[in-house]
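Text of entry27.cif, listed as mmCIF, C-alpha atoms:
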```cif
data_target
loop_
_atom_site.group_PDB
_atom_site.id
_atom_site.type_symbol
_atom_site.label_atom_id
_atom_site.label_comp_id
_atom_site.auth_asym_id
_atom_site.auth_seq_id
_atom_site.Cartn_x
_atom_site.Cartn_y
_atom_site.Cartn_z
ATOM 1 C CA MET A 1 36.917 -5.499 11.320
ATOM 2 C CA ALA A 2 36.483 -6.056 15.046
ATOM 3 C CA ASP A 3 33.081 -4.330 14.937
ATOM 4 C CA ILE A 4 31.480 -7.125 12.908
ATOM 5 C CA ASP A 5 32.877 -9.694 15.345
ATOM 6 C CA ASN A 6 30.673 -8.176 18.069
ATOM 7 C CA ARG A 7 27.507 -8.442 15.941
ATOM 8 C CA ILE A 8 25.578 -11.435 14.732
ATOM 9 C CA ALA A 9 26.922 -12.360 11.301
ATOM 10 C CA HIS A 10 26.175 -15.187 8.927
ATOM 11 C CA VAL A 11 28.609 -16.860 6.581
ATOM 12 C CA VAL A 12 27.139 -16.706 3.077
ATOM 13 C CA TYR A 13 30.181 -17.898 1.185
ATOM 14 C CA GLU A 14 33.303 -19.898 2.026
ATOM 15 C CA ASP A 15 36.259 -20.645 -0.173
ATOM 16 C CA ASP A 16 39.446 -22.420 0.888
ATOM 17 C CA LYS A 17 41.530 -20.191 -1.365
ATOM 18 C CA PHE A 18 40.121 -16.742 -0.556
ATOM 19 C CA GLY A 19 38.287 -17.123 2.746
ATOM 20 C CA SER A 20 34.704 -16.435 3.751
ATOM 21 C CA VAL A 21 32.093 -13.736 3.354
ATOM 22 C CA LYS A 22 29.996 -12.823 6.394
ATOM 23 C CA ILE A 23 26.939 -10.588 6.446
ATOM 24 C CA ALA A 24 25.827 -8.975 9.693
ATOM 25 C CA ASP A 25 22.155 -9.049 10.639
ATOM 26 C CA ASP A 26 22.195 -5.241 10.630
ATOM 27 C CA VAL A 27 23.058 -5.276 6.925
ATOM 28 C CA ILE A 28 20.157 -7.573 6.052
ATOM 29 C CA VAL A 29 17.811 -5.435 8.160
ATOM 30 C CA CYS A 30 18.993 -2.290 6.353
ATOM 31 C CA ILE A 31 18.543 -3.894 2.920
ATOM 32 C CA ALA A 32 15.015 -5.051 3.798
ATOM 33 C CA GLY A 33 14.003 -1.674 5.243
ATOM 34 C CA LEU A 34 15.325 0.303 2.294
ATOM 35 C CA ALA A 35 13.698 -2.062 -0.216
ATOM 36 C CA ALA A 36 10.350 -1.706 1.560
ATOM 37 C CA THR A 37 10.468 2.094 1.568
ATOM 38 C CA GLU A 38 11.217 2.149 -2.176
ATOM 39 C CA VAL A 39 7.696 0.861 -2.869
ATOM 40 C CA GLU A 40 5.291 3.646 -3.830
ATOM 41 C CA GLY A 41 2.568 3.873 -1.192
ATOM 42 C CA VAL A 42 4.820 3.003 1.742
ATOM 43 C CA SER A 43 4.999 6.172 3.791
ATOM 44 C CA SER A 44 7.509 4.910 6.343
ATOM 45 C CA MET A 45 8.646 2.029 8.463
ATOM 46 C CA ALA A 46 7.297 1.774 11.998
ATOM 47 C CA GLY A 47 9.172 4.248 14.142
ATOM 48 C CA ASN A 48 8.430 7.116 11.749
ATOM 49 C CA ILE A 49 11.676 7.282 9.786
ATOM 50 C CA THR A 50 10.397 8.606 6.485
ATOM 51 C CA LYS A 51 12.067 8.432 3.078
ATOM 52 C CA ASP A 52 12.381 12.237 3.082
ATOM 53 C CA LEU A 53 14.187 12.258 6.417
ATOM 54 C CA ILE A 54 16.488 9.452 5.285
ATOM 55 C CA ALA A 55 17.348 11.375 2.124
ATOM 56 C CA LYS A 56 17.944 14.669 3.942
ATOM 57 C CA LEU A 57 19.985 13.290 6.811
ATOM 58 C CA GLY A 58 21.626 10.363 5.070
ATOM 59 C CA VAL A 59 20.318 8.068 7.799
ATOM 60 C CA LYS A 60 21.232 4.466 7.097
ATOM 61 C CA ASN A 61 19.667 2.851 10.187
ATOM 62 C CA MET A 62 16.531 1.154 8.926
ATOM 63 C CA SER A 63 16.243 -1.277 11.824
ATOM 64 C CA ARG A 64 12.967 0.201 13.019
ATOM 65 C CA GLY A 65 10.109 -1.958 11.884
ATOM 66 C CA VAL A 66 12.270 -4.867 10.686
ATOM 67 C CA LYS A 67 12.835 -8.193 12.454
ATOM 68 C CA LEU A 68 14.789 -11.200 11.207
ATOM 69 C CA GLU A 69 14.848 -14.886 11.978
ATOM 70 C CA MET A 70 17.884 -16.652 10.558
ATOM 71 C CA SER A 71 18.691 -20.310 10.076
ATOM 72 C CA GLU A 72 21.870 -21.162 8.163
ATOM 73 C CA ASP A 73 21.253 -19.795 4.652
ATOM 74 C CA GLU A 74 17.570 -18.900 5.107
ATOM 75 C CA VAL A 75 15.939 -15.790 6.506
ATOM 76 C CA SER A 76 12.394 -14.914 7.544
ATOM 77 C CA ILE A 77 11.627 -11.196 7.581
ATOM 78 C CA GLU A 78 8.914 -9.284 9.471
ATOM 79 C CA LEU A 79 8.205 -5.678 8.474
ATOM 80 C CA THR A 80 5.972 -3.085 10.099
ATOM 81 C CA ILE A 81 5.020 -0.320 7.699
ATOM 82 C CA VAL A 82 2.867 2.792 7.454
ATOM 83 C CA VAL A 83 0.884 3.054 4.207
ATOM 84 C CA THR A 84 0.039 6.318 2.472
ATOM 85 C CA TYR A 85 -3.698 7.069 2.497
ATOM 86 C CA GLY A 86 -5.448 6.155 -0.742
ATOM 87 C CA TYR A 87 -3.324 3.135 -1.602
ATOM 88 C CA SER A 88 -4.604 -0.436 -1.481
ATOM 89 C CA ILE A 89 -3.095 -2.132 1.556
ATOM 90 C CA PRO A 90 -3.189 -5.644 -0.011
ATOM 91 C CA GLU A 91 -1.527 -4.372 -3.221
ATOM 92 C CA ILE A 92 1.151 -2.395 -1.374
ATOM 93 C CA SER A 93 1.839 -5.327 0.955
ATOM 94 C CA ALA A 94 2.280 -7.729 -1.977
ATOM 95 C CA LYS A 95 4.631 -5.285 -3.719
ATOM 96 C CA VAL A 96 6.663 -4.863 -0.526
ATOM 97 C CA GLN A 97 6.899 -8.628 -0.081
ATOM 98 C CA ASP A 98 8.119 -9.093 -3.660
ATOM 99 C CA ARG A 99 10.595 -6.196 -3.511
ATOM 100 C CA VAL A 100 12.071 -7.186 -0.149
ATOM 101 C CA LYS A 101 12.368 -10.876 -1.068
ATOM 102 C CA SER A 102 14.065 -10.244 -4.404
ATOM 103 C CA THR A 103 16.362 -7.497 -3.090
ATOM 104 C CA VAL A 104 17.577 -9.454 -0.054
ATOM 105 C CA GLU A 105 18.089 -12.618 -2.112
ATOM 106 C CA ASN A 106 19.948 -10.784 -4.903
ATOM 107 C CA MET A 107 22.193 -8.802 -2.588
ATOM 108 C CA THR A 108 23.009 -11.498 -0.011
ATOM 109 C CA GLY A 109 22.532 -14.876 -1.665
ATOM 110 C CA LEU A 110 20.340 -15.932 1.260
ATOM 111 C CA HIS A 111 17.002 -17.647 0.639
ATOM 112 C CA VAL A 112 14.069 -15.587 1.968
ATOM 113 C CA THR A 113 11.441 -18.043 3.210
ATOM 114 C CA ASP A 114 8.787 -15.414 3.898
ATOM 115 C CA VAL A 115 8.164 -11.703 4.318
ATOM 116 C CA LYS A 116 5.457 -10.921 6.860
ATOM 117 C CA ILE A 117 3.869 -7.474 6.746
ATOM 118 C CA THR A 118 2.115 -5.626 9.557
ATOM 119 C CA VAL A 119 0.479 -2.318 8.680
ATOM 120 C CA ALA A 120 0.828 -0.131 11.757
ATOM 121 C CA GLY A 121 -0.910 2.924 10.374
ATOM 122 C CA VAL A 122 -2.080 5.070 7.503
ATOM 123 C CA ASP A 123 -0.349 8.352 6.720
ATOM 124 C CA THR A 124 -2.979 10.955 5.878
ATOM 125 C CA THR A 125 -0.505 13.832 5.549
ATOM 126 C CA LYS A 126 0.723 12.824 2.085
ATOM 127 C CA ASN A 127 -1.364 13.085 -1.031
ATOM 128 C CA ARG A 128 -1.377 10.442 -3.689
#
```

Exercise: express the given structure as structure tokens:
Amino acid sequence: MADIDNRIAHVVYEDDKFGSVKIADDVIVCIAGLAATEVEGVSSMAGNITKDLIAKLGVKNMSRGVKLEMSEDEVSIELTIVVTYGYSIPEISAKVQDRVKSTVENMTGLHVTDVKITVAGVDTTKNR
């Protein structure tokens, strides 16, 4: 419990009877990163943590390539991704934006104002 006190956390729910619910920035970053990598055509997040490596090692740190700006109950998300060669960058980016926005909103109750995508590279090692 003390660990979350040392991180930036945002109250997403308060109730006089039961107390409050806080979500740490790290949790929102992880949700956004995982949602982005679930989109077909996204090879990895910037920093080269691939879906295969995450699956094999059970790595849960998806903070590479994800930045947040928070204000009360709103969040702006910036993602840096690597796209698999052969996929349409505009189509993949739109799918990532939709997936990240809906996933973060559904899981946290926060309003996502925007999801900005930067494509840092194209992965030519994977085939479509």

**Message:** Quick one: residues within 12 Å of Leu68 (chain A), all atoms listed in the file, excluding same-chain residues fewer than 3 positions away - as a VMD selection string?
**Reply:** chain A and resid 8 24 to 33 63 to 65 71 74 to 79 104 112 to 116

**Fill in**
Of A:Asp98, A:Glu91, A:Glu72, A:Asp123, the one sitting nearest Lys22 (chain A) when using only C-alpha atoms is A:Glu72

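Our summary of the geometry notes that CA of Pro90 (chain A) is positioned 11.9 Å from CA of Val42 (chain A).
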
**Request:** Name all residues at most 7 Å from Ser43 (chain A) (count only C-alpha atoms; drop same-chain ones fewer than 3 positions away) and give them as a PyMOL selection string.
**Result:** chain A and resi 50+82-84+123

**Prompt:** How many Å lie between CA of Lys101 (chain A) and CA of Ile89 (chain A), rounded to one decimal?
**Reply:** 18.0 Å

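Nearest residue to Met70 (chain A), choosing from A:Val11, A:Ser102, A:Gly19, A:Thr37 and counting all atoms listed in the file: A:Val11.
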
**Request:** For CA of Ile81 (chain A) and CA of Ala36 (chain A), quote the distance in Å rounded to one decimal.
**Result:** 8.2 Å

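For the choices A:Val21, A:Asp73, A:Glu38, A:Ala46, the atom-to-atom distance to Glu105 (chain A) is smallest for A:Asp73 when using all atoms listed in the file.
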
**Fill in**
Counting all atoms listed in the file, the residue among A:Met45, A:Leu34, A:Ile23, A:Gly86 that lies closest to Arg99 (chain A) is A:Leu34

Since the input is missing atoms for region 87-98 of chain A, could you rebuild it with all heavy atoms and give the result as a PDB file, in the coordinates of the input?
```pdb
ATOM      1  N   TYR A  87      -3.903   4.313  -0.961  1.00  0.00           N
ATOM      2  CA  TYR A  87      -3.324   3.135  -1.602  1.00  0.00           C
ATOM      3  C   TYR A  87      -3.975   1.865  -1.058  1.00  0.00           C
ATOM      4  O   TYR A  87      -4.371   1.807   0.107  1.00  0.00           O
ATOM      5  CB  TYR A  87      -1.816   3.069  -1.370  1.00  0.00           C
ATOM      6  CG  TYR A  87      -1.037   4.053  -2.207  1.00  0.00           C
ATOM      7  CD1 TYR A  87      -0.850   5.365  -1.780  1.00  0.00           C
ATOM      8  CD2 TYR A  87      -0.487   3.667  -3.424  1.00  0.00           C
ATOM      9  CE1 TYR A  87      -0.136   6.272  -2.544  1.00  0.00           C
ATOM     10  CE2 TYR A  87       0.230   4.572  -4.199  1.00  0.00           C
ATOM     11  CZ  TYR A  87       0.400   5.863  -3.747  1.00  0.00           C
ATOM     12  OH  TYR A  87       1.101   6.752  -4.516  1.00  0.00           O
ATOM     13  N   SER A  88      -4.050   0.856  -1.884  1.00  0.00           N
ATOM     14  CA  SER A  88      -4.604  -0.436  -1.481  1.00  0.00           C
ATOM     15  C   SER A  88      -3.596  -1.171  -0.600  1.00  0.00           C
ATOM     16  O   SER A  88      -2.489  -1.485  -1.048  1.00  0.00           O
ATOM     17  CB  SER A  88      -4.913  -1.274  -2.721  1.00  0.00           C
ATOM     18  OG  SER A  88      -5.145  -2.620  -2.367  1.00  0.00           O
ATOM     19  N   ILE A  89      -3.990  -1.450   0.624  1.00  0.00           N
ATOM     20  CA  ILE A  89      -3.095  -2.132   1.556  1.00  0.00           C
ATOM     21  C   ILE A  89      -2.689  -3.518   1.038  1.00  0.00           C
ATOM     22  O   ILE A  89      -1.498  -3.851   1.078  1.00  0.00           O
ATOM     23  CB  ILE A  89      -3.702  -2.183   2.975  1.00  0.00           C
ATOM     24  CG1 ILE A  89      -3.732  -0.763   3.548  1.00  0.00           C
ATOM     25  CG2 ILE A  89      -2.922  -3.134   3.885  1.00  0.00           C
ATOM     26  CD1 ILE A  89      -4.443  -0.614   4.873  1.00  0.00           C
ATOM     27  N   PRO A  90      -3.623  -4.340   0.522  1.00  0.00           N
ATOM     28  CA  PRO A  90      -3.189  -5.644  -0.011  1.00  0.00           C
ATOM     29  C   PRO A  90      -2.202  -5.517  -1.180  1.00  0.00           C
ATOM     30  O   PRO A  90      -1.234  -6.269  -1.250  1.00  0.00           O
ATOM     31  CB  PRO A  90      -4.495  -6.300  -0.461  1.00  0.00           C
ATOM     32  CG  PRO A  90      -5.551  -5.652   0.370  1.00  0.00           C
ATOM     33  CD  PRO A  90      -5.089  -4.244   0.554  1.00  0.00           C
ATOM     34  N   GLU A  91      -2.430  -4.554  -2.079  1.00  0.00           N
ATOM     35  CA  GLU A  91      -1.527  -4.372  -3.221  1.00  0.00           C
ATOM     36  C   GLU A  91      -0.148  -3.892  -2.775  1.00  0.00           C
ATOM     37  O   GLU A  91       0.876  -4.395  -3.243  1.00  0.00           O
ATOM     38  CB  GLU A  91      -2.116  -3.380  -4.218  1.00  0.00           C
ATOM     39  CG  GLU A  91      -3.268  -3.932  -5.014  1.00  0.00           C
ATOM     40  CD  GLU A  91      -3.877  -2.903  -5.959  1.00  0.00           C
ATOM     41  OE1 GLU A  91      -3.198  -1.904  -6.298  1.00  0.00           O
ATOM     42  OE2 GLU A  91      -5.036  -3.101  -6.360  1.00  0.00           O
ATOM     43  N   ILE A  92      -0.122  -2.918  -1.879  1.00  0.00           N
ATOM     44  CA  ILE A  92       1.151  -2.395  -1.374  1.00  0.00           C
ATOM     45  C   ILE A  92       1.905  -3.489  -0.632  1.00  0.00           C
ATOM     46  O   ILE A  92       3.109  -3.662  -0.812  1.00  0.00           O
ATOM     47  CB  ILE A  92       0.929  -1.163  -0.460  1.00  0.00           C
ATOM     48  CG1 ILE A  92       0.318  -0.015  -1.251  1.00  0.00           C
ATOM     49  CG2 ILE A  92       2.229  -0.735   0.215  1.00  0.00           C
ATOM     50  CD1 ILE A  92       1.136   0.458  -2.424  1.00  0.00           C
ATOM     51  N   SER A  93       1.197  -4.253   0.188  1.00  0.00           N
ATOM     52  CA  SER A  93       1.839  -5.327   0.955  1.00  0.00           C
ATOM     53  C   SER A  93       2.463  -6.367   0.032  1.00  0.00           C
ATOM     54  O   SER A  93       3.586  -6.815   0.258  1.00  0.00           O
ATOM     55  CB  SER A  93       0.830  -5.988   1.894  1.00  0.00           C
ATOM     56  OG  SER A  93       0.372  -5.054   2.843  1.00  0.00           O
ATOM     57  N   ALA A  94       1.752  -6.747  -1.018  1.00  0.00           N
ATOM     58  CA  ALA A  94       2.280  -7.729  -1.977  1.00  0.00           C
ATOM     59  C   ALA A  94       3.515  -7.179  -2.691  1.00  0.00           C
ATOM     60  O   ALA A  94       4.502  -7.899  -2.888  1.00  0.00           O
ATOM     61  CB  ALA A  94       1.207  -8.108  -2.990  1.00  0.00           C
ATOM     62  N   LYS A  95       3.479  -5.899  -3.061  1.00  0.00           N
ATOM     63  CA  LYS A  95       4.631  -5.285  -3.719  1.00  0.00           C
ATOM     64  C   LYS A  95       5.837  -5.229  -2.783  1.00  0.00           C
ATOM     65  O   LYS A  95       6.970  -5.471  -3.199  1.00  0.00           O
ATOM     66  CB  LYS A  95       4.281  -3.881  -4.211  1.00  0.00           C
ATOM     67  CG  LYS A  95       3.366  -3.875  -5.413  1.00  0.00           C
ATOM     68  CD  LYS A  95       3.025  -2.456  -5.838  1.00  0.00           C
ATOM     69  CE  LYS A  95       2.054  -2.460  -7.005  1.00  0.00           C
ATOM     70  NZ  LYS A  95       1.684  -1.085  -7.400  1.00  0.00           N
ATOM     71  N   VAL A  96       5.582  -4.908  -1.514  1.00  0.00           N
ATOM     72  CA  VAL A  96       6.663  -4.863  -0.526  1.00  0.00           C
ATOM     73  C   VAL A  96       7.258  -6.257  -0.354  1.00  0.00           C
ATOM     74  O   VAL A  96       8.485  -6.429  -0.329  1.00  0.00           O
ATOM     75  CB  VAL A  96       6.173  -4.292   0.823  1.00  0.00           C
ATOM     76  CG1 VAL A  96       7.217  -4.502   1.921  1.00  0.00           C
ATOM     77  CG2 VAL A  96       5.825  -2.820   0.692  1.00  0.00           C
ATOM     78  N   GLN A  97       6.407  -7.266  -0.230  1.00  0.00           N
ATOM     79  CA  GLN A  97       6.899  -8.628  -0.081  1.00  0.00           C
ATOM     80  C   GLN A  97       7.788  -9.021  -1.255  1.00  0.00           C
ATOM     81  O   GLN A  97       8.881  -9.562  -1.055  1.00  0.00           O
ATOM     82  CB  GLN A  97       5.726  -9.609   0.055  1.00  0.00           C
ATOM     83  CG  GLN A  97       5.024  -9.504   1.389  1.00  0.00           C
ATOM     84  CD  GLN A  97       3.759 -10.330   1.456  1.00  0.00           C
ATOM     85  OE1 GLN A  97       2.972 -10.346   0.515  1.00  0.00           O
ATOM     86  NE2 GLN A  97       3.566 -11.007   2.577  1.00  0.00           N
ATOM     87  N   ASP A  98       7.332  -8.756  -2.468  1.00  0.00           N
ATOM     88  CA  ASP A  98       8.119  -9.093  -3.660  1.00  0.00           C
ATOM     89  C   ASP A  98       9.441  -8.338  -3.690  1.00  0.00           C
ATOM     90  O   ASP A  98      10.498  -8.916  -3.955  1.00  0.00           O
ATOM     91  CB  ASP A  98       7.329  -8.781  -4.937  1.00  0.00           C
ATOM     92  CG  ASP A  98       6.171  -9.744  -5.164  1.00  0.00           C
ATOM     93  OD1 ASP A  98       6.165 -10.838  -4.568  1.00  0.00           O
ATOM     94  OD2 ASP A  98       5.263  -9.383  -5.939  1.00  0.00           O
TER      95      ASP A  98
END
```
